[in-house]
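File shown: query-v2.txt (compact mmCIF, C-alpha atoms).
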```txt
# COMPACT_ATOMS: atom_id res chain seq x y z
CA MET D 21 -6.24 124.32 -47.37
CA TYR D 22 -5.38 127.40 -49.45
CA TRP D 23 -1.71 126.42 -49.73
CA VAL D 24 -2.40 122.91 -51.09
CA GLY D 25 -5.08 124.24 -53.46
CA SER D 26 -2.75 126.96 -54.77
CA ILE D 27 0.03 124.48 -55.48
CA PHE D 28 -2.35 122.09 -57.29
CA LEU D 29 -3.75 125.03 -59.29
CA LEU D 30 -0.29 126.21 -60.38
CA LEU D 31 0.76 122.66 -61.27
CA GLY D 32 -2.39 122.20 -63.38
CA ALA D 33 -1.87 125.48 -65.23
CA VAL D 34 1.79 124.69 -65.93
CA VAL D 35 0.94 121.20 -67.25
CA SER D 36 -1.80 122.70 -69.46
CA LEU D 37 0.67 125.23 -70.86
CA LEU D 38 3.21 122.47 -71.55
CA ALA D 39 0.53 120.49 -73.38
CA ALA D 40 -0.36 123.52 -75.51
CA ILE D 41 3.31 124.12 -76.33
CA GLY D 42 3.50 120.46 -77.37
CA VAL D 43 0.44 120.83 -79.59
CA LEU D 44 2.04 123.83 -81.28
CA ARG D 45 5.67 122.70 -81.53
CA LEU D 46 5.78 118.91 -82.07
CA PRO D 47 6.54 118.02 -85.71
CA ASP D 48 3.89 115.39 -86.45
CA PHE D 49 0.13 114.98 -85.97
CA PHE D 50 0.51 111.79 -83.92
CA MET D 51 2.99 113.40 -81.53
CA ARG D 52 0.70 116.42 -81.14
CA MET D 53 -2.17 114.08 -80.25
CA HIS D 54 0.05 112.43 -77.63
CA ALA D 55 0.75 115.83 -76.04
CA ALA D 56 -2.87 116.98 -76.11
CA THR D 57 -4.63 113.87 -74.82
CA LYS D 58 -2.29 112.97 -71.97
CA ALA D 59 -1.11 116.27 -70.61
CA GLY D 60 -4.47 117.98 -71.16
CA VAL D 61 -6.28 115.56 -68.87
CA VAL D 62 -3.63 115.81 -66.16
CA GLY D 63 -3.78 119.61 -66.24
CA CYS D 64 -7.58 119.70 -65.99
CA GLY D 65 -7.58 117.06 -63.26
CA LEU D 66 -5.08 118.98 -61.13
CA VAL D 67 -7.12 122.22 -61.43
CA LEU D 68 -10.30 120.36 -60.41
CA VAL D 69 -8.50 118.74 -57.44
CA ALA D 70 -7.47 122.27 -56.40
CA VAL D 71 -11.18 123.22 -56.37
CA GLY D 72 -11.81 120.26 -54.08
CA PHE D 73 -9.06 121.26 -51.64
CA VAL D 74 -10.20 124.90 -51.42
CA ASP D 75 -13.92 124.14 -51.08
CA GLY D 76 -13.53 120.95 -49.10
CA THR D 77 -17.12 119.68 -48.89
CA LEU D 78 -17.99 116.09 -49.71
CA ALA D 79 -20.46 117.07 -52.48
CA THR D 80 -17.73 118.96 -54.33
CA TRP D 81 -15.28 116.06 -54.02
CA VAL D 82 -17.87 113.65 -55.43
CA LYS D 83 -18.58 115.98 -58.36
CA ILE D 84 -14.87 116.35 -59.05
CA ALA D 85 -14.36 112.60 -58.86
CA ILE D 86 -17.15 112.10 -61.41
CA ALA D 87 -15.66 114.75 -63.72
CA ILE D 88 -12.13 113.28 -63.56
CA PHE D 89 -13.43 109.72 -64.02
CA PHE D 90 -15.41 110.88 -67.04
CA MET D 91 -12.37 112.57 -68.58
CA LEU D 92 -10.18 109.51 -67.98
CA LEU D 93 -12.86 107.39 -69.67
CA THR D 94 -13.52 109.55 -72.73
CA THR D 95 -10.08 110.92 -73.67
CA PRO D 96 -8.53 107.56 -74.72
CA VAL D 97 -11.63 106.81 -76.81
CA ALA D 98 -11.43 110.17 -78.56
CA GLY D 99 -7.68 109.77 -79.01
CA HIS D 100 -7.99 106.35 -80.64
CA LEU D 101 -10.78 107.51 -82.96
CA LEU D 102 -8.89 110.63 -83.99
CA GLY D 103 -5.62 108.75 -84.54
CA ARG D 104 -7.36 106.19 -86.72
CA ALA D 105 -9.14 108.93 -88.68
CA ALA D 106 -5.87 110.80 -89.21
CA TYR D 107 -4.09 107.64 -90.42
CA VAL D 108 -6.91 106.82 -92.84
CA GLY D 109 -7.06 110.48 -93.88
CA GLY D 110 -3.33 110.47 -94.69
CA ALA D 111 -1.82 112.80 -92.10
CA PRO D 112 1.90 112.94 -92.98
CA PHE D 113 4.47 111.25 -90.70
CA TRP D 114 7.54 112.93 -89.26
CA SER D 115 10.65 112.26 -91.38
CA GLY D 116 12.22 110.27 -88.52
CA THR D 117 9.36 107.74 -88.38
CA ASN D 118 10.65 104.48 -89.87
CA GLU D 119 8.06 101.90 -88.84
CA ASP D 120 4.41 101.70 -89.98
CA ARG D 121 2.74 98.61 -88.57
CA LEU D 122 -0.71 99.62 -89.86
CA GLN D 123 0.49 99.49 -93.48
CA ASP D 124 -1.39 96.30 -94.37
CA VAL D 125 -4.19 96.76 -91.82
CA LEU D 126 -5.81 100.08 -92.65
CA PRO D 127 -6.26 101.87 -95.97
CA ARG D 128 -4.17 105.02 -96.09
CA GLY D 129 -5.33 108.05 -98.05
CA ARG D 130 -3.09 110.78 -99.38
CA PHE D 131 -3.27 114.31 -98.00
CA LYS D 132 -3.33 116.77 -100.87
CA GLY D 133 -3.46 119.95 -98.83
CA VAL D 134 -0.66 122.48 -98.61
CA SER D 135 1.96 121.48 -96.05
CA LEU D 136 3.77 124.16 -94.09
CA PRO D 137 7.48 124.77 -94.71
CA GLY D 138 9.65 122.63 -92.45
CA GLU D 139 6.80 120.33 -91.44
CA PRO D 140 6.19 116.74 -92.65
CA GLY D 141 4.80 116.40 -96.16
CA ASP D 142 6.72 119.40 -97.44
CA GLU D 143 8.80 118.31 -100.47
CA ASN D 144 10.93 121.45 -100.53
CA ALA D 145 12.24 120.88 -97.00
CA ALA D 146 14.48 117.93 -97.97
CA VAL D 147 15.84 119.82 -100.99
CA SER D 148 16.73 122.91 -98.99
CA GLN D 149 18.51 120.80 -96.37
CA ASP D 150 20.70 119.12 -99.00
CA SER D 151 21.84 122.28 -100.72
CA MET Z 13 2.77 135.68 -46.81
CA THR Z 14 -0.64 134.39 -45.79
CA GLY Z 15 -2.35 131.49 -47.51
CA GLU Z 16 -5.10 133.61 -49.04
CA LEU Z 17 -2.64 136.11 -50.53
CA PHE Z 18 -0.61 133.29 -52.08
CA PHE Z 19 -3.85 131.80 -53.38
CA GLY Z 20 -4.78 135.09 -55.08
CA TRP Z 21 -1.39 135.36 -56.75
CA SER Z 22 -1.41 131.75 -57.89
CA ALA Z 23 -4.93 132.20 -59.34
CA ALA Z 24 -3.76 135.24 -61.33
CA VAL Z 25 -0.64 133.44 -62.59
CA SER Z 26 -2.69 130.34 -63.54
CA ALA Z 27 -5.19 132.48 -65.46
CA LEU Z 28 -2.29 134.00 -67.40
CA LEU Z 29 -0.80 130.57 -68.18
CA LEU Z 30 -4.19 129.22 -69.30
CA VAL Z 31 -4.77 132.18 -71.62
CA LEU Z 32 -1.29 131.66 -73.09
CA ALA Z 33 -2.05 127.96 -73.62
CA MET Z 34 -5.34 128.83 -75.34
CA LEU Z 35 -3.46 131.23 -77.63
CA LEU Z 36 -0.95 128.53 -78.62
CA SER Z 37 -3.77 126.05 -79.36
CA GLY Z 38 -5.49 128.72 -81.43
CA ILE Z 39 -2.33 129.20 -83.50
CA ARG Z 40 -2.32 125.43 -84.21
CA ILE Z 41 -5.99 125.59 -85.27
CA VAL Z 42 -5.16 128.36 -87.75
CA ARG Z 43 -2.01 126.69 -89.12
CA GLY Z 44 -3.41 123.18 -89.62
CA PRO Z 45 -2.39 121.77 -92.06
CA HIS Z 46 -4.33 118.48 -91.86
CA PRO Z 47 -7.94 118.70 -90.57
CA ALA Z 48 -7.00 116.23 -87.82
CA ASP Z 49 -4.43 118.74 -86.55
CA ARG Z 50 -7.16 121.34 -86.20
CA VAL Z 51 -9.46 118.89 -84.42
CA VAL Z 52 -6.82 117.87 -81.90
CA ALA Z 53 -6.10 121.55 -81.20
CA LEU Z 54 -9.86 122.11 -80.75
CA ASP Z 55 -9.94 119.21 -78.28
CA MET Z 56 -7.04 120.81 -76.41
CA LEU Z 57 -8.94 124.12 -76.37
CA CYS Z 58 -11.95 122.32 -74.87
CA LEU Z 59 -9.80 120.78 -72.12
CA LEU Z 60 -8.39 124.25 -71.41
CA GLY Z 61 -12.01 125.45 -71.15
CA VAL Z 62 -12.58 122.78 -68.48
CA ALA Z 63 -9.54 124.07 -66.61
CA ALA Z 64 -10.82 127.65 -66.97
CA ALA Z 65 -14.19 126.62 -65.51
CA GLY Z 66 -12.34 125.07 -62.55
CA LEU Z 67 -10.40 128.30 -62.12
CA ALA Z 68 -13.68 130.26 -62.20
CA ALA Z 69 -15.05 127.99 -59.46
CA LEU Z 70 -11.95 128.71 -57.36
CA VAL Z 71 -11.93 132.49 -57.83
CA SER Z 72 -15.67 133.13 -57.50
CA GLY Z 73 -16.31 130.53 -54.80
CA VAL Z 74 -19.35 129.25 -56.72
CA VAL Z 75 -18.96 125.47 -56.77
CA SER Z 76 -21.55 125.10 -59.57
CA PHE Z 77 -18.79 125.94 -62.06
CA VAL Z 78 -17.61 122.34 -61.58
CA ASP Z 79 -20.85 121.27 -63.29
CA VAL Z 80 -19.96 123.64 -66.14
CA ALA Z 81 -16.57 121.92 -66.39
CA LEU Z 82 -18.26 118.53 -66.64
CA GLY Z 83 -20.60 119.80 -69.38
CA VAL Z 84 -17.76 121.34 -71.40
CA ALA Z 85 -15.81 118.06 -71.17
CA LEU Z 86 -18.84 116.11 -72.40
CA ILE Z 87 -19.45 118.42 -75.38
CA GLY Z 88 -15.76 118.40 -76.27
CA PHE Z 89 -15.72 114.60 -76.35
CA LEU Z 90 -18.80 114.47 -78.57
CA ALA Z 91 -17.33 117.09 -80.93
CA THR Z 92 -14.04 115.19 -81.23
CA VAL Z 93 -15.79 111.89 -81.97
CA ALA Z 94 -18.02 113.52 -84.58
CA PHE Z 95 -15.10 115.27 -86.29
CA ALA Z 96 -13.08 112.02 -86.28
CA ALA Z 97 -15.97 110.26 -88.05
CA PHE Z 98 -16.17 113.08 -90.62
CA ILE Z 99 -12.42 112.97 -91.30
CA GLU Z 100 -12.45 109.17 -91.68
CA ARG Z 101 -15.34 109.40 -94.14
CA GLY Z 102 -13.56 112.15 -96.06
CA SER Z 103 -16.39 114.64 -95.66
CA ILE Z 104 -14.06 117.47 -94.62
CA GLY Z 105 -10.62 118.36 -95.88
CA ASP Z 106 -9.28 117.37 -99.28
CA GLU Z 107 -8.08 113.79 -98.88
CA GLU Z 108 -8.54 111.30 -101.67
CA PHE Z 109 -9.17 107.57 -101.29
```
Encoding of this model in C-alpha cells:
Amino acid sequence: MYWVGSIFLLLGAVVSLLAAIGVLRLPDFFMRMHAATKAGVVGCGLVLVAVGFVDGTLATWVKIAIAIFFMLLTTPVAGHLLGRAAYVGGAPFWSGTNEDRLQDVLPRGRFKGVSLPGEPGDENAAVSQDS
Amino acid sequence: MTGELFFGWSAAVSALLLVLAMLLSGIRIVRGPHPADRVVALDMLCLLGVAAAGLAALVSGVVSFVDVALGVALIGFLATVAFAAFIERGSIGDEEF
C-alpha cells in the first residue's frame, strides 16, 4: 500500500501548504480563519489516513479514526469561539465587506493597534489609492 | 520506480512542504496585527504539528506517533479556546470596550 499512502501523504502536505498560504495572504482575519480551520483539518486528516494505509493494522486505523473524529469535533468549536472573540475584539473587516449582520447582536470593540500598510484598518491605504 | 522509493521521495517532499507551511504561519504570527490573527496562525501551526507527527509515524515506522498527533491536537484546541476567551474579555491586546 506504499503507492496509496504516498499519494495521500503528498495530498495532505499540499493542502496544508495551501492553508498556510491562505493564512498569510488573505486580507481579513475572518477569511484567514476560514483558510486555517477548514484546510488545516483536511491536510492533517489526509496525512493520518496515509499512516493508516502504510501501516495497515486495525489498531492503527481505529486510532486514526479517533484522531480525525476528534479534530472534526473540536475545530468548528474553536473556530466559532475565535470568530466571536475577534468580532467582539474589533478585528477590522476587509474593505469589500458590505454586510454586518451581527451589528445589533454583539458589542463590537475598536482595535487600536497598528495596522499594517495595505491591510484592513489602515487609513493611509485609501488615501494612497486615490492619489 | 518501486513503491518504496516513491514513498521515500514523497515523504521528503511532504516534509519540505510542511516546513514551508510552518514558516508562512510563523510570519503571520509575527505580523499580527490583531491578537486573533496571531491565535489563528498558532492554531494552524498546531495542526501542522499534527501533520508532522503523522509524517514522523510514516518515516520511522513507529505507530505511537499517532498518539502524539492526538495529544498535540487536544492541546492546540485547548490553547485556542483559552486564547479566544482572553481576547473576548480584553485581557490581551489593546482593544477598548
Within 8 Å of chain D: residues of chain Z, using only C-alpha atoms, as a PyMOL selection string: chain Z and resi 15-16+18-19+22-23+25-27+29-30+32-34+36-37+39-40+45-46+48-49+52-53+55-56+59-60+62-63+66-67+69-70+73+75+78-79+81-82+85+89+92-93+96-97+99-100+102+105-109
Atom-to-atom span, CA of Leu54 in chain Z and CA of Gly38 in chain Z, Å: 8.0 Å
Atomic separation - CA of Arg101 in chain Z relative to CA of Met51 in chain D, Å: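 Those two atoms sit 22.6 Å apart.
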Listed atoms of range 42-61 of chain D, axis-aligned box, 3 Å per side: centre and edge lengths to one decimal in Å, as AutoDock Vina command-line options?
```
--center_x 0.1 --center_y 117.8 --center_z -77.7 --size_x 18.8 --size_y 18.0 --size_z 23.6
```
Between CA of Cys58 in chain Z and CA of Val31 in chain Z - distance in Å to one decimal: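 Taking CA of Val31 in chain Z and CA of Cys58 in chain Z, their separation equals 12.6 Å.
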Pick from Z:Ser72, Z:Val51, Z:Ala64, Z:Val80 nearest to Phe95 in chain Z, counting all atoms listed in the file: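 The shortest atom-to-atom distance to Phe95 in chain Z comes from Z:Val51.
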